[in-house]
>>> print(open('start.cif').read())   # mmCIF, C-alpha atoms
data_data
#
loop_
_atom_site.label_atom_id
_atom_site.label_comp_id
_atom_site.auth_asym_id
_atom_site.auth_seq_id
_atom_site.Cartn_x
_atom_site.Cartn_y
_atom_site.Cartn_z
CA MET A 1 -21.46 12.55 20.63
CA SER A 2 -24.70 11.13 19.23
CA LYS A 3 -24.50 8.30 16.72
CA LYS A 4 -25.56 9.23 13.19
CA LYS A 5 -26.46 6.45 10.82
CA TYR A 6 -25.85 7.04 7.16
CA ILE A 7 -27.54 4.72 4.66
CA ILE A 8 -26.04 5.29 1.25
CA LEU A 9 -27.59 3.93 -1.94
CA LEU A 10 -25.07 4.70 -4.65
CA LEU A 11 -25.53 5.34 -8.40
CA VAL A 12 -23.19 4.09 -11.14
CA ALA A 13 -19.88 5.78 -12.07
CA LEU A 14 -17.07 4.16 -13.99
CA PHE A 15 -13.46 3.81 -12.89
CA THR A 16 -11.86 0.95 -14.83
CA PHE A 17 -8.44 -0.20 -13.79
CA SER A 18 -6.52 -3.54 -13.84
CA VAL A 19 -6.39 -6.94 -12.00
CA ASP A 20 -4.04 -9.89 -11.04
CA ALA A 21 -3.58 -13.75 -11.26
CA ASP A 22 -1.84 -16.65 -12.98
CA ALA A 23 -1.67 -17.55 -16.64
CA GLN A 24 0.67 -19.84 -18.52
CA GLN A 25 0.23 -20.41 -22.27
CA MET A 26 -0.68 -17.60 -24.67
CA GLN A 27 -3.34 -17.91 -27.35
CA THR A 28 -2.66 -14.54 -29.04
CA VAL A 29 -1.37 -10.99 -28.64
CA HIS A 30 -3.91 -8.15 -28.45
CA LYS A 31 -3.28 -4.55 -29.50
CA VAL A 32 -5.18 -2.18 -27.23
CA LYS A 33 -7.73 0.08 -28.88
CA LYS A 34 -9.01 3.43 -27.65
CA ARG A 35 -11.21 3.19 -24.53
CA GLU A 36 -10.65 -0.54 -24.09
CA THR A 37 -10.42 -1.77 -20.51
CA ILE A 38 -8.84 -4.81 -18.93
CA PHE A 39 -12.25 -5.96 -17.75
CA GLY A 40 -13.69 -5.70 -21.27
CA ILE A 41 -10.72 -7.37 -22.96
CA ALA A 42 -10.87 -10.32 -20.56
CA ARG A 43 -14.60 -10.70 -21.18
CA ASN A 44 -14.14 -10.61 -24.97
CA TYR A 45 -11.60 -13.44 -24.83
CA ASN A 46 -13.64 -15.45 -22.30
CA ILE A 47 -10.89 -15.37 -19.67
CA THR A 48 -10.79 -13.99 -16.15
CA VAL A 49 -9.20 -10.66 -15.39
CA GLU A 50 -6.77 -12.51 -13.09
CA GLU A 51 -5.62 -14.70 -15.98
CA LEU A 52 -5.06 -11.64 -18.14
CA ILE A 53 -3.04 -9.85 -15.44
CA GLY A 54 -1.05 -13.00 -14.71
CA ALA A 55 0.04 -13.13 -18.35
CA ASN A 56 1.18 -9.49 -18.23
CA PRO A 57 3.34 -8.82 -15.13
CA ALA A 58 3.58 -5.07 -15.80
CA MET A 59 -0.12 -4.80 -14.95
CA GLN A 60 0.63 -5.84 -11.37
CA GLN A 61 2.45 -2.60 -10.54
CA PRO A 62 0.54 0.08 -8.56
CA GLY A 63 -1.00 2.67 -10.86
CA TYR A 64 -0.53 0.65 -14.08
CA GLU A 65 -2.32 2.29 -17.01
CA LEU A 66 -3.70 0.48 -20.06
CA LYS A 67 -3.13 2.72 -23.09
CA LYS A 68 -4.06 2.66 -26.74
CA GLY A 69 -1.41 0.94 -28.84
CA TYR A 70 -0.10 -1.34 -26.08
CA THR A 71 0.29 -5.01 -26.99
CA ILE A 72 -0.71 -7.48 -24.29
CA ASN A 73 -0.58 -11.24 -23.99
CA ILE A 74 -3.86 -13.15 -24.06
CA PRO A 75 -3.61 -16.51 -22.25
CA PHE A 76 -5.74 -19.59 -22.86
CA PRO A 77 -8.55 -19.86 -20.29
CA GLN A 78 -7.76 -22.17 -17.41
CA GLN A 79 -9.98 -24.32 -15.26
CA ASN A 80 -10.01 -23.28 -11.65
CA THR A 81 -8.63 -26.31 -9.85
CA GLN A 82 -7.07 -24.48 -6.93
CA GLN A 83 -8.35 -25.67 -3.57
CA PRO A 84 -8.97 -23.29 -0.68
CA THR A 85 -6.03 -23.10 1.69
CA GLU A 86 -8.11 -22.28 4.76
CA THR A 87 -11.60 -22.85 6.04
CA ALA A 88 -13.75 -19.98 4.82
CA PRO A 89 -14.21 -17.54 7.69
CA ALA A 90 -17.42 -15.90 6.57
CA ALA A 91 -21.00 -16.90 5.88
CA PRO A 92 -22.00 -17.29 2.21
CA ILE A 93 -22.41 -13.98 0.43
CA LYS A 94 -25.93 -13.00 -0.65
CA ASN A 95 -26.96 -11.61 -4.04
CA SER A 96 -25.87 -8.21 -2.76
CA ILE A 97 -22.92 -7.33 -0.53
CA ASP A 98 -23.70 -5.32 2.60
CA ILE A 99 -20.94 -3.03 3.81
CA GLY A 100 -20.71 -1.50 7.27
CA VAL A 101 -18.41 1.41 8.14
CA LEU A 102 -17.69 2.11 11.82
CA LEU A 103 -15.32 5.08 11.92
CA PRO A 104 -15.29 8.64 13.31
CA LEU A 105 -17.19 10.35 10.49
CA HIS A 106 -17.42 13.90 11.81
CA ASN A 107 -15.88 17.30 11.30
CA VAL A 108 -14.86 17.86 14.92
CA ASP A 109 -11.16 17.01 14.75
CA GLY A 110 -8.44 15.71 12.49
CA ASP A 111 -9.40 12.07 12.97
CA GLY A 112 -12.92 12.76 11.78
CA ARG A 113 -11.85 14.78 8.77
CA ARG A 114 -9.33 12.12 7.73
CA MET A 115 -11.91 9.38 8.06
CA ILE A 116 -14.46 11.37 6.04
CA GLU A 117 -11.92 11.49 3.21
CA TYR A 118 -11.24 7.75 3.59
CA TYR A 119 -14.99 7.08 3.52
CA ARG A 120 -15.42 9.15 0.38
CA GLY A 121 -12.73 7.07 -1.31
CA LEU A 122 -14.51 3.92 -0.19
CA LEU A 123 -17.74 5.21 -1.75
CA MET A 124 -15.90 5.86 -5.02
CA ALA A 125 -14.73 2.24 -4.92
CA VAL A 126 -18.34 1.15 -4.48
CA GLU A 127 -19.33 3.22 -7.52
CA LYS A 128 -16.63 1.55 -9.59
CA LEU A 129 -17.71 -1.91 -8.42
CA LYS A 130 -21.36 -1.14 -9.14
CA ALA A 131 -20.30 -0.20 -12.65
CA ASP A 132 -18.85 -3.73 -12.85
CA GLY A 133 -22.29 -5.11 -12.04
CA ILE A 134 -21.94 -5.78 -8.30
CA ASN A 135 -24.93 -5.05 -6.04
CA ILE A 136 -23.69 -3.25 -2.92
CA ASN A 137 -25.41 -1.60 0.03
CA VAL A 138 -23.43 0.70 2.34
CA ARG A 139 -24.32 1.72 5.88
CA ALA A 140 -22.05 3.94 7.97
CA TRP A 141 -22.05 4.83 11.65
CA ASN A 142 -20.16 7.69 13.25
CA VAL A 143 -18.06 6.16 16.05
CA ALA A 144 -15.98 8.80 17.81
CA GLN A 145 -13.03 8.10 20.11
CA THR A 146 -15.09 8.65 23.25
CA ASP A 147 -18.02 6.49 22.11
CA ASP A 148 -18.87 3.07 23.47
CA ILE A 149 -18.81 0.96 20.31
CA ASN A 150 -21.07 -1.61 21.97
CA SER A 151 -23.92 0.90 21.73
CA THR A 152 -23.34 1.24 18.00
CA LEU A 153 -23.38 -2.53 17.60
CA LEU A 154 -26.97 -2.55 18.86
CA GLN A 155 -28.06 -0.40 15.92
CA GLN A 156 -30.23 -2.07 13.33
CA GLY A 157 -28.32 -3.27 10.27
CA VAL A 158 -24.85 -3.71 11.75
CA GLU A 159 -25.27 -7.46 12.17
CA SER A 160 -26.32 -7.93 8.52
CA SER A 161 -22.98 -6.66 7.16
CA ASP A 162 -20.78 -8.95 5.09
CA ILE A 163 -17.75 -6.70 5.65
CA ILE A 164 -17.16 -4.03 8.28
CA PHE A 165 -14.45 -1.38 7.85
CA GLY A 166 -13.30 -0.20 11.26
CA PRO A 167 -12.61 0.73 13.94
CA LEU A 168 -9.99 3.48 14.05
CA TYR A 169 -9.16 3.20 17.75
CA SER A 170 -7.39 0.28 19.40
CA LYS A 171 -9.67 0.24 22.45
CA GLN A 172 -12.65 -0.55 20.20
CA VAL A 173 -11.05 -3.48 18.36
CA LYS A 174 -11.88 -6.33 20.73
CA ALA A 175 -15.56 -5.49 21.08
CA LEU A 176 -16.03 -5.12 17.34
CA GLY A 177 -13.92 -8.22 16.70
CA ASP A 178 -16.02 -10.33 19.06
CA PHE A 179 -19.18 -9.03 17.39
CA CYS A 180 -17.86 -9.88 13.91
CA LYS A 181 -16.79 -13.34 15.01
CA LYS A 182 -20.20 -14.05 16.51
CA ASN A 183 -21.99 -12.88 13.34
CA LYS A 184 -19.43 -14.27 10.83
CA ILE A 185 -18.57 -10.84 9.41
CA ARG A 186 -15.21 -9.98 7.86
CA MET A 187 -13.65 -7.10 9.77
CA VAL A 188 -11.10 -4.86 8.05
CA ILE A 189 -8.95 -2.76 10.41
CA PRO A 190 -7.89 -0.06 7.94
CA PHE A 191 -5.17 1.77 9.90
CA SER A 192 -2.56 1.23 12.60
CA ILE A 193 -3.64 -0.16 15.95
CA ASN A 194 -2.08 -1.47 19.12
CA GLY A 195 -2.84 -5.03 20.17
CA ASP A 196 -2.84 -8.48 18.65
CA GLU A 197 -6.49 -9.41 18.23
CA VAL A 198 -5.67 -10.53 14.70
CA ASN A 199 -3.73 -13.44 16.22
CA ARG A 200 -6.89 -14.76 17.92
CA ASN A 201 -9.78 -13.82 15.67
CA GLU A 202 -10.08 -15.48 12.25
CA PHE A 203 -12.47 -12.79 10.97
CA ILE A 204 -9.99 -9.90 11.28
CA TYR A 205 -7.97 -8.51 8.37
CA GLN A 206 -5.27 -6.20 9.73
CA VAL A 207 -3.92 -3.82 7.09
CA TYR A 208 -1.23 -2.19 9.22
CA GLN A 209 2.13 -3.96 9.46
CA PRO A 210 3.91 -3.65 12.84
CA ALA A 211 7.18 -1.72 12.73
CA ASP A 212 9.30 -4.74 13.61
CA VAL A 213 7.78 -6.77 10.75
CA PHE A 214 8.27 -3.93 8.27
CA ASN A 215 11.85 -3.33 9.45
CA GLN A 216 12.71 -6.98 8.92
CA LYS A 217 11.36 -6.83 5.38
CA SER A 218 13.44 -3.71 4.76
CA VAL A 219 16.58 -5.44 6.04
CA ASN A 220 15.90 -8.49 3.89
CA SER A 221 15.32 -6.47 0.73
CA PHE A 222 18.50 -4.49 1.38
CA ILE A 223 20.56 -7.68 1.67
CA GLU A 224 18.95 -9.14 -1.43
CA ARG A 225 19.59 -6.05 -3.57
CA PHE A 226 22.90 -4.76 -2.21
CA SER A 227 24.83 -7.81 -0.99
CA ASN A 228 27.76 -6.97 -3.30
CA CYS A 229 27.89 -3.29 -2.33
CA HIS A 230 29.53 -1.32 0.47
CA PRO A 231 27.04 0.04 3.05
CA VAL A 232 27.83 3.44 4.58
CA ILE A 233 25.80 4.31 7.69
CA ILE A 234 25.72 8.05 8.46
CA ASP A 235 25.07 9.26 11.99
CA CYS A 236 22.97 12.39 11.57
CA ASN A 237 23.04 13.43 15.24
CA ASP A 238 19.24 13.35 15.54
CA SER A 239 18.42 12.52 19.15
CA THR A 240 14.70 12.27 18.32
CA SER A 241 15.13 9.57 15.65
CA ASN A 242 13.43 6.18 15.97
CA LYS A 243 15.42 4.65 13.09
CA GLY A 244 18.00 3.06 15.36
CA THR A 245 15.91 -0.11 15.43
CA PHE A 246 16.32 -0.50 11.68
CA THR A 247 20.01 0.41 11.50
CA TYR A 248 20.80 -1.94 14.41
CA ALA A 249 18.94 -4.81 12.72
CA LEU A 250 20.68 -4.03 9.42
CA ARG A 251 24.14 -3.95 11.00
CA LYS A 252 23.46 -7.27 12.73
CA LYS A 253 22.40 -8.88 9.45
CA LEU A 254 25.41 -7.42 7.60
CA GLU A 255 27.72 -8.90 10.22
CA GLU A 256 25.98 -12.28 9.99
CA LYS A 257 26.51 -12.25 6.21
CA GLY A 258 30.14 -11.13 6.51
CA ILE A 259 29.45 -7.87 4.65
CA GLN A 260 31.79 -5.07 5.70
CA TYR A 261 30.30 -1.64 6.27
CA SER A 262 31.45 1.80 7.42
CA ILE A 263 30.05 4.35 9.85
CA THR A 264 30.64 8.08 9.53
CA ASN A 265 29.13 11.31 10.84
CA LEU A 266 27.29 14.03 8.95
CA ARG A 267 29.39 16.65 10.77
CA SER A 268 32.71 15.15 9.68
CA ASN A 269 34.93 17.20 7.40
CA ILE A 270 35.08 16.07 3.80
CA GLU A 271 38.37 14.22 4.21
CA MET A 272 37.11 12.14 7.15
CA PHE A 273 33.74 11.65 5.46
CA GLU A 274 35.42 10.29 2.33
CA LYS A 275 37.29 7.60 4.27
CA ALA A 276 34.00 5.74 4.82
CA PHE A 277 33.47 5.20 1.09
CA SER A 278 34.75 2.40 -1.12
CA THR A 279 36.55 3.26 -4.36
CA THR A 280 35.92 -0.19 -5.88
CA LYS A 281 32.32 -0.99 -4.95
CA ARG A 282 29.00 0.83 -5.16
CA ASN A 283 28.39 2.60 -1.85
CA VAL A 284 24.90 2.43 -0.38
CA VAL A 285 24.22 5.26 2.07
CA ILE A 286 21.86 4.69 5.03
CA LEU A 287 20.91 7.47 7.44
CA ASN A 288 19.91 6.88 11.05
CA THR A 289 17.09 9.41 10.74
CA GLY A 290 14.13 9.86 8.43
CA ARG A 291 13.91 13.65 8.81
CA SER A 292 13.97 15.98 5.82
CA PRO A 293 16.64 18.49 7.02
CA GLU A 294 19.24 15.78 7.60
CA LEU A 295 18.35 14.12 4.29
CA THR A 296 18.93 17.36 2.41
CA GLN A 297 22.19 18.01 4.29
CA THR A 298 23.39 14.50 3.42
CA MET A 299 22.70 14.95 -0.27
CA HIS A 300 24.62 18.24 -0.30
CA LYS A 301 27.43 16.47 1.56
CA LEU A 302 27.48 13.79 -1.14
CA ASP A 303 27.63 16.55 -3.75
CA ALA A 304 30.67 17.97 -1.96
CA LEU A 305 32.27 14.51 -1.82
CA LEU A 306 31.88 14.00 -5.57
CA ALA A 307 33.18 17.50 -6.26
CA HIS A 308 36.23 16.75 -4.11
CA SER A 309 36.76 13.22 -5.50
CA PRO A 310 34.72 12.36 -8.60
CA GLY A 311 34.07 8.75 -9.50
CA TYR A 312 32.40 7.29 -6.41
CA MET A 313 29.39 5.09 -7.16
CA ILE A 314 26.62 6.02 -4.71
CA SER A 315 23.08 4.81 -4.00
CA MET A 316 20.86 5.57 -1.03
CA TYR A 317 18.46 3.41 0.99
CA GLY A 318 15.81 5.41 2.77
CA TYR A 319 12.55 5.42 4.67
CA THR A 320 8.88 5.51 3.71
CA GLU A 321 8.42 9.15 4.75
CA TRP A 322 10.98 10.24 2.15
CA GLN A 323 8.17 10.06 -0.40
CA MET A 324 6.75 13.18 1.25
CA TYR A 325 9.98 15.10 0.61
CA GLU A 326 10.30 14.13 -3.05
CA LYS A 327 9.05 17.40 -4.53
CA TYR A 328 10.71 19.78 -2.07
CA ASN A 329 14.20 21.29 -1.90
CA GLN A 330 15.35 19.72 -5.16
CA ASN A 331 14.90 16.32 -3.57
CA GLN A 332 13.30 14.83 -6.66
CA THR A 333 16.47 15.64 -8.62
CA PHE A 334 18.60 14.33 -5.76
CA PHE A 335 16.57 11.13 -5.54
CA HIS A 336 17.36 10.26 -9.14
CA LYS A 337 20.96 11.43 -8.92
CA TYR A 338 21.64 9.18 -5.94
CA ASP A 339 19.66 6.15 -7.06
CA VAL A 340 17.37 6.30 -4.01
CA HIS A 341 15.50 3.19 -2.88
CA ILE A 342 12.58 3.72 -0.48
CA PRO A 343 11.00 0.78 1.39
CA SER A 344 7.26 1.31 1.60
CA SER A 345 3.85 -0.31 1.68
CA TYR A 346 2.50 2.22 -0.85
CA TYR A 347 3.52 4.44 -3.76
CA TYR A 348 1.71 7.60 -4.81
CA ASN A 349 2.48 8.35 -8.47
CA GLU A 350 1.28 11.91 -9.00
CA GLN A 351 1.99 11.66 -12.74
CA SER A 352 -0.28 8.64 -13.27
CA GLY A 353 -3.26 9.36 -15.50
CA TYR A 354 -5.45 7.20 -13.27
CA ILE A 355 -4.37 9.11 -10.17
CA GLN A 356 -5.07 12.43 -11.88
CA SER A 357 -8.45 11.14 -13.06
CA PHE A 358 -9.27 10.05 -9.51
CA GLN A 359 -8.27 13.45 -8.12
CA ARG A 360 -10.50 15.25 -10.61
CA ALA A 361 -13.42 12.93 -9.87
CA TYR A 362 -12.94 13.39 -6.12
CA LYS A 363 -12.95 17.18 -6.40
CA SER A 364 -15.96 17.14 -8.71
CA LYS A 365 -17.96 14.94 -6.34
CA PHE A 366 -17.03 16.50 -3.02
CA GLY A 367 -16.00 20.06 -3.90
CA ALA A 368 -12.57 19.77 -2.29
CA ASP A 369 -9.07 18.53 -3.00
CA MET A 370 -7.70 15.53 -1.15
CA MET A 371 -5.71 16.33 1.99
CA ASN A 372 -1.99 16.93 1.64
CA ALA A 373 -0.98 13.65 3.27
CA LEU A 374 0.77 10.44 2.29
CA PRO A 375 -0.63 7.96 1.83
CA HIS A 376 -3.76 9.81 0.70
CA PHE A 377 -6.80 8.78 2.73
CA ALA A 378 -9.24 8.85 -0.19
CA LEU A 379 -6.99 6.58 -2.25
CA THR A 380 -6.57 4.30 0.76
CA GLY A 381 -10.33 3.99 1.06
CA TYR A 382 -10.63 3.36 -2.67
CA ASP A 383 -7.95 0.67 -2.80
CA GLN A 384 -9.27 -1.12 0.28
CA GLY A 385 -12.84 -0.96 -1.00
CA VAL A 386 -11.99 -2.44 -4.38
CA PHE A 387 -9.73 -5.09 -2.87
CA PHE A 388 -12.10 -6.38 -0.19
CA ILE A 389 -15.52 -5.86 -1.74
CA GLY A 390 -14.36 -7.01 -5.17
CA GLY A 391 -12.58 -9.98 -3.61
CA VAL A 392 -15.60 -11.11 -1.63
CA TYR A 393 -17.79 -10.72 -4.71
CA ARG A 394 -15.49 -12.83 -6.88
CA TYR A 395 -14.35 -15.50 -4.41
CA LYS A 396 -17.30 -15.58 -2.00
CA GLY A 397 -16.52 -17.63 1.10
CA THR A 398 -13.04 -18.60 -0.13
CA PHE A 399 -11.72 -15.04 -0.18
CA TYR A 400 -8.70 -14.69 2.09
CA GLY A 401 -6.98 -11.73 0.44
CA GLU A 402 -4.13 -13.84 -0.90
CA ARG A 403 -1.77 -12.71 -3.65
CA ASN A 404 -3.71 -14.60 -6.33
CA GLN A 405 -7.08 -13.13 -5.26
CA ILE A 406 -6.62 -9.54 -6.40
CA TYR A 407 -9.71 -8.05 -8.05
CA ASN A 408 -8.05 -4.92 -9.44
CA THR A 409 -4.62 -3.34 -9.54
CA SER A 410 -4.36 -0.77 -6.75
CA LEU A 411 -3.90 2.94 -7.38
CA GLN A 412 -1.73 3.66 -4.35
CA THR A 413 -1.43 0.68 -2.00
CA PRO A 414 -1.22 -2.99 -2.97
CA TYR A 415 -2.62 -5.56 -0.56
CA TYR A 416 -2.23 -9.26 -0.03
CA PHE A 417 -2.69 -11.14 3.21
CA SER A 418 -1.38 -14.23 4.93
CA LYS A 419 -3.11 -16.10 7.72
CA THR A 420 -1.76 -15.97 11.25
CA PRO A 421 -1.33 -19.42 12.87
CA ASN A 422 -4.41 -19.23 15.11
CA GLY A 423 -6.26 -16.13 14.02
CA GLY A 424 -7.02 -13.80 11.16
CA PHE A 425 -5.09 -12.29 8.30
CA ARG A 426 -2.22 -9.79 8.21
CA ASN A 427 -1.20 -7.62 5.26
CA GLU A 428 2.14 -8.68 3.75
CA ALA A 429 2.46 -6.25 0.80
CA TYR A 430 5.85 -4.56 0.56
CA LEU A 431 7.48 -2.38 -2.11
CA LEU A 432 10.81 -0.81 -2.93
CA VAL A 433 10.29 2.50 -4.73
CA HIS A 434 13.38 3.03 -6.89
CA TYR A 435 14.26 6.47 -8.30
CA GLN A 436 16.43 5.47 -11.25
CA THR A 437 19.37 7.55 -12.43
CA ASN A 438 17.79 7.80 -15.91
CA GLY A 439 14.85 9.71 -14.41
CA GLY A 440 12.44 6.78 -14.25
CA ILE A 441 10.72 5.39 -11.20
CA GLU A 442 10.09 1.69 -10.68
CA THR A 443 8.20 -0.11 -7.94
CA ILE A 444 9.62 -3.47 -6.97
CA SER A 445 7.04 -5.74 -5.34
CA TYR A 446 7.98 -8.43 -2.83
#
>>> encode(input="start.cif", output="structure tokens")
Amino acid sequence: MSKKKYIILLLVALFTFSVDADAQQMQTVHKVKKRETIFGIARNYNITVEELIGANPAMQQPGYELKKGYTINIPFPQQNTQQPTETAPAAPIKNSIDIGVLLPLHNVDGDGRRMIEYYRGLLMAVEKLKADGININVRAWNVAQTDDINSTLLQQGVESSDIIFGPLYSKQVKALGDFCKKNKIRMVIPFSINGDEVNRNEFIYQVYQPADVFNQKSVNSFIERFSNCHPVIIDCNDSTSNKGTFTYALRKKLEEKGIQYSITNLRSNIEMFEKAFSTTKRNVVILNTGRSPELTQTMHKLDALLAHSPGYMISMYGYTEWQMYEKYNQNQTFFHKYDVHIPSSYYYNEQSGYIQSFQRAYKSKFGADMMNALPHFALTGYDQGVFFIGGVYRYKGTFYGERNQIYNTSLQTPYYFSKTPNGGFRNEAYLLVHYQTNGGIETISY
């Protein structure tokens, strides 16, 4: 497929959301007025947006909305005495930030259509950042799976990028990584890949977290939250499941901690099923599959258990893909009833006013709804664009994507990175999405 170069010069459109950092002492409390934004409030009080967010922890949650009538803490401005923790990987940023996008931007297959949506979200992030006064130039190249990315790298303008988003395919990572290292360009790998180039190349930012890393975080958060509970692992007889890695790691950790647990089977009769549950402790149910049919069967089985023997205290600990099942088969009601906790790297809050505003803006601009996928590709592009471009603008050569370098609160996916020992940076953001029994939903950041 021929390479098509897109040079986009974007006009201004406003999407004002929130930001993150540290603040200690408070100088006053501010009552939010209609149409006020976090950016504007921080400017009026001569503080940074990070200082404002740091003084108001609720702002750090994905999808936080600033509303008229809220009262927020206003900290005293602080001098920036923090020293960089690593040698800056990139060349000094110019008066404008040049963005390169090397992804399959075509309508030939699913990969292309998904990346077009991601790219559109990235462009909406650029519009928001331009509204904040940042000068940005965007160039995009269509790099299909069968293309030799080295040919694209010869195109005029690639080497002048400050940040490159791409590639999508693992086989293209090393060539692009070597190019970025040679030209001192930050390289954001936006989706899952195979390989460990991030461990050798200090210019790479890898968003995807390997399954073993994510599983370990899920085990650790389970132990932290449910150490005084009784785990019940249910065998769902799914021979296709890949969740055995998690349940094995969890069982091993439970045994190390001396926490007793039970194992039962979804096919067991109600009397045998009940024997796995504690009458004195909260029971936390874990399935060895992430599939929707078995999840629904389990929840009906729990209903039958409570009908047979009322009084059991039950929570559930699930998997990221359960977010996709939330609105089907009464699962949203079940999720709240059974105090479901879902480990995830993202949370899509369909009820958020900011999310709804984004969806309307996306449809207005591009004449289509976002794809029915989680996480949404357009929101992924938006969050990554704001995080990386805004971060480079604010912190210049000292931007590493650390927890205290967040430009704006994310809409769907939070990001913060830690440096690998001899290479680049890996995303560490992790959430527990908790469906509370009172009908609320909280996101617990780690």
>>> closest_residue(input="start.cif", among="A:Tyr393, A:Tyr415, A:Tyr347, A:Tyr407", to="A:Gly133", atoms="only C-alpha atoms")
A:Tyr393
>>> resolve_selection(input="start.cif", expression="the PyMOL selection byres ((chain A and resi 410) around 12)", output="JSON, numbers by chain")
{"A": [15, 16, 17, 18, 19, 20, 59, 60, 61, 62, 63, 64, 65, 125, 345, 346, 347, 348, 349, 354, 355, 379, 380, 381, 382, 383, 384, 385, 386, 387, 388, 390, 406, 407, 408, 409, 411, 412, 413, 414, 415, 416, 429]}
>>> axis_aligned_box(input="start.cif", around="stretch 132-150 of chain A", padding_each_side="8 Å", output="lines of an AutoDock Vina configuration file")
center_x = -19.2
center_y = 1.5
center_z = 5.3
size_x = 28.4
size_y = 30.6
size_z = 52.3
>>> resolve_selection(input="start.cif", expression="the PyMOL selection byres ((chain A and resi 267) around 10)", output="list in words")
Ile234, Asp235, Cys236, Asn237, Thr264, Asn265, Leu266, Ser268, Asn269, Ile270, Met272, Phe273, Gln297, Thr298 and Lys301 of chain A
>>> resolve_selection(input="start.cif", expression="the PyMOL selection byres ((chain A and resi 312) around 10)", output="list of chain:residue names")
A:Glu274, A:Phe277, A:Ser278, A:Thr279, A:Thr280, A:Lys281, A:Arg282, A:Asn283, A:Leu302, A:Leu305, A:Leu306, A:Ser309, A:Pro310, A:Gly311, A:Met313, A:Ile314, A:Ser315
>>> write_last_selection(input="start.cif", atoms="C-alpha atoms", output="short mmCIF file (atom, residue, chain, number, x, y, z; two decimals), in the frame of the given file")
data_model
loop_
_atom_site.label_atom_id
_atom_site.label_comp_id
_atom_site.auth_asym_id
_atom_site.auth_seq_id
_atom_site.Cartn_x
_atom_site.Cartn_y
_atom_site.Cartn_z
CA GLU A 274 35.42 10.29 2.33
CA PHE A 277 33.47 5.20 1.09
CA SER A 278 34.75 2.40 -1.12
CA THR A 279 36.55 3.26 -4.36
CA THR A 280 35.92 -0.19 -5.88
CA LYS A 281 32.32 -0.99 -4.95
CA ARG A 282 29.00 0.83 -5.16
CA ASN A 283 28.39 2.60 -1.85
CA LEU A 302 27.48 13.79 -1.14
CA LEU A 305 32.27 14.51 -1.82
CA LEU A 306 31.88 14.00 -5.57
CA SER A 309 36.76 13.22 -5.50
CA PRO A 310 34.72 12.36 -8.60
CA GLY A 311 34.07 8.75 -9.50
CA MET A 313 29.39 5.09 -7.16
CA ILE A 314 26.62 6.02 -4.71
CA SER A 315 23.08 4.81 -4.00
#
>>> atom_distance(input="start.cif", atom1="atom CA of A:Trp141", atom2="atom CA of A:Asp369")
23.9 Å
>>> residues_around(input="start.cif", residues="stretch 107-120 of chain A", least_positions_apart="5", cutoff="9 Å", atoms="only C-alpha atoms", output="list in words")
Val101, Ala125, Ala140, Asn142, Ala144, Gln145, Leu168, Tyr362, Phe366, Met370, Met371, His376, Phe377, Ala378, Leu379, Thr380, Gly381 and Tyr382 of chain A
>>> residues_around(input="start.cif", residues="A:Lys419", least_positions_apart="4", cutoff="12 Å", atoms="all atoms listed in the file", output="VMD selection string")
chain A and resid 85 to 89 198 to 206 399 to 403 423 to 428
>>> closest_residue(input="start.cif", among="A:Ile134, A:Ser161, A:Val143, A:Val126", to="A:Leu105", atoms="all atoms listed in the file")
A:Val143
>>> closest_residue(input="start.cif", among="A:Gly290, A:Ala304, A:Leu250, A:Thr437", to="A:Phe335", atoms="all atoms listed in the file")
A:Thr437
>>> atom_distance(input="start.cif", atom1="atom CA of A:Thr245", atom2="atom CA of A:Asn372")
28.3 Å
>>> residues_around(input="start.cif", residues="stretch 321-326 of chain A", least_positions_apart="4", cutoff="10 Å", atoms="all atoms listed in the file", output="list in words")
Gly290, Arg291, Ser292, Pro293, Leu295, Thr296, Gln330, Asn331, Gln332, Thr333, Phe334, Phe335, Val340, His341, Ile342, Pro343, Ser344, Tyr346, Tyr347, Tyr348, Asn372, Ala373, Leu374, Pro375 and Val433 of chain A
>>> atom_distance(input="start.cif", atom1="atom CA of A:Gly367", atom2="atom CA of A:Glu127")
17.5 Å
>>> residues_around(input="start.cif", residues="A:Pro190", least_positions_apart="2", cutoff="7 Å", atoms="only C-alpha atoms", output="list in words")
Phe165, Gly166, Val188, Gln206 and Val207 of chain A
>>> write_last_selection(input="start.cif", atoms="C-alpha atoms", output="PDB file, keeping the file's coordinate frame")
ATOM      1  CA  PHE A 165     -14.450  -1.380   7.850  1.00  0.00           C
ATOM      2  CA  GLY A 166     -13.300  -0.200  11.260  1.00  0.00           C
ATOM      3  CA  VAL A 188     -11.100  -4.860   8.050  1.00  0.00           C
ATOM      4  CA  GLN A 206      -5.270  -6.200   9.730  1.00  0.00           C
ATOM      5  CA  VAL A 207      -3.920  -3.820   7.090  1.00  0.00           C
TER       6      VAL A 207
END
>>> closest_residue(input="start.cif", among="A:Asn194, A:Asn150, A:Thr420, A:Ser364", to="A:Tyr169", atoms="all atoms listed in the file")
A:Asn194
>>> closest_residue(input="start.cif", among="A:Gln405, A:Ser352, A:Phe226, A:Lys253", to="A:Ile389", atoms="only C-alpha atoms")
A:Gln405
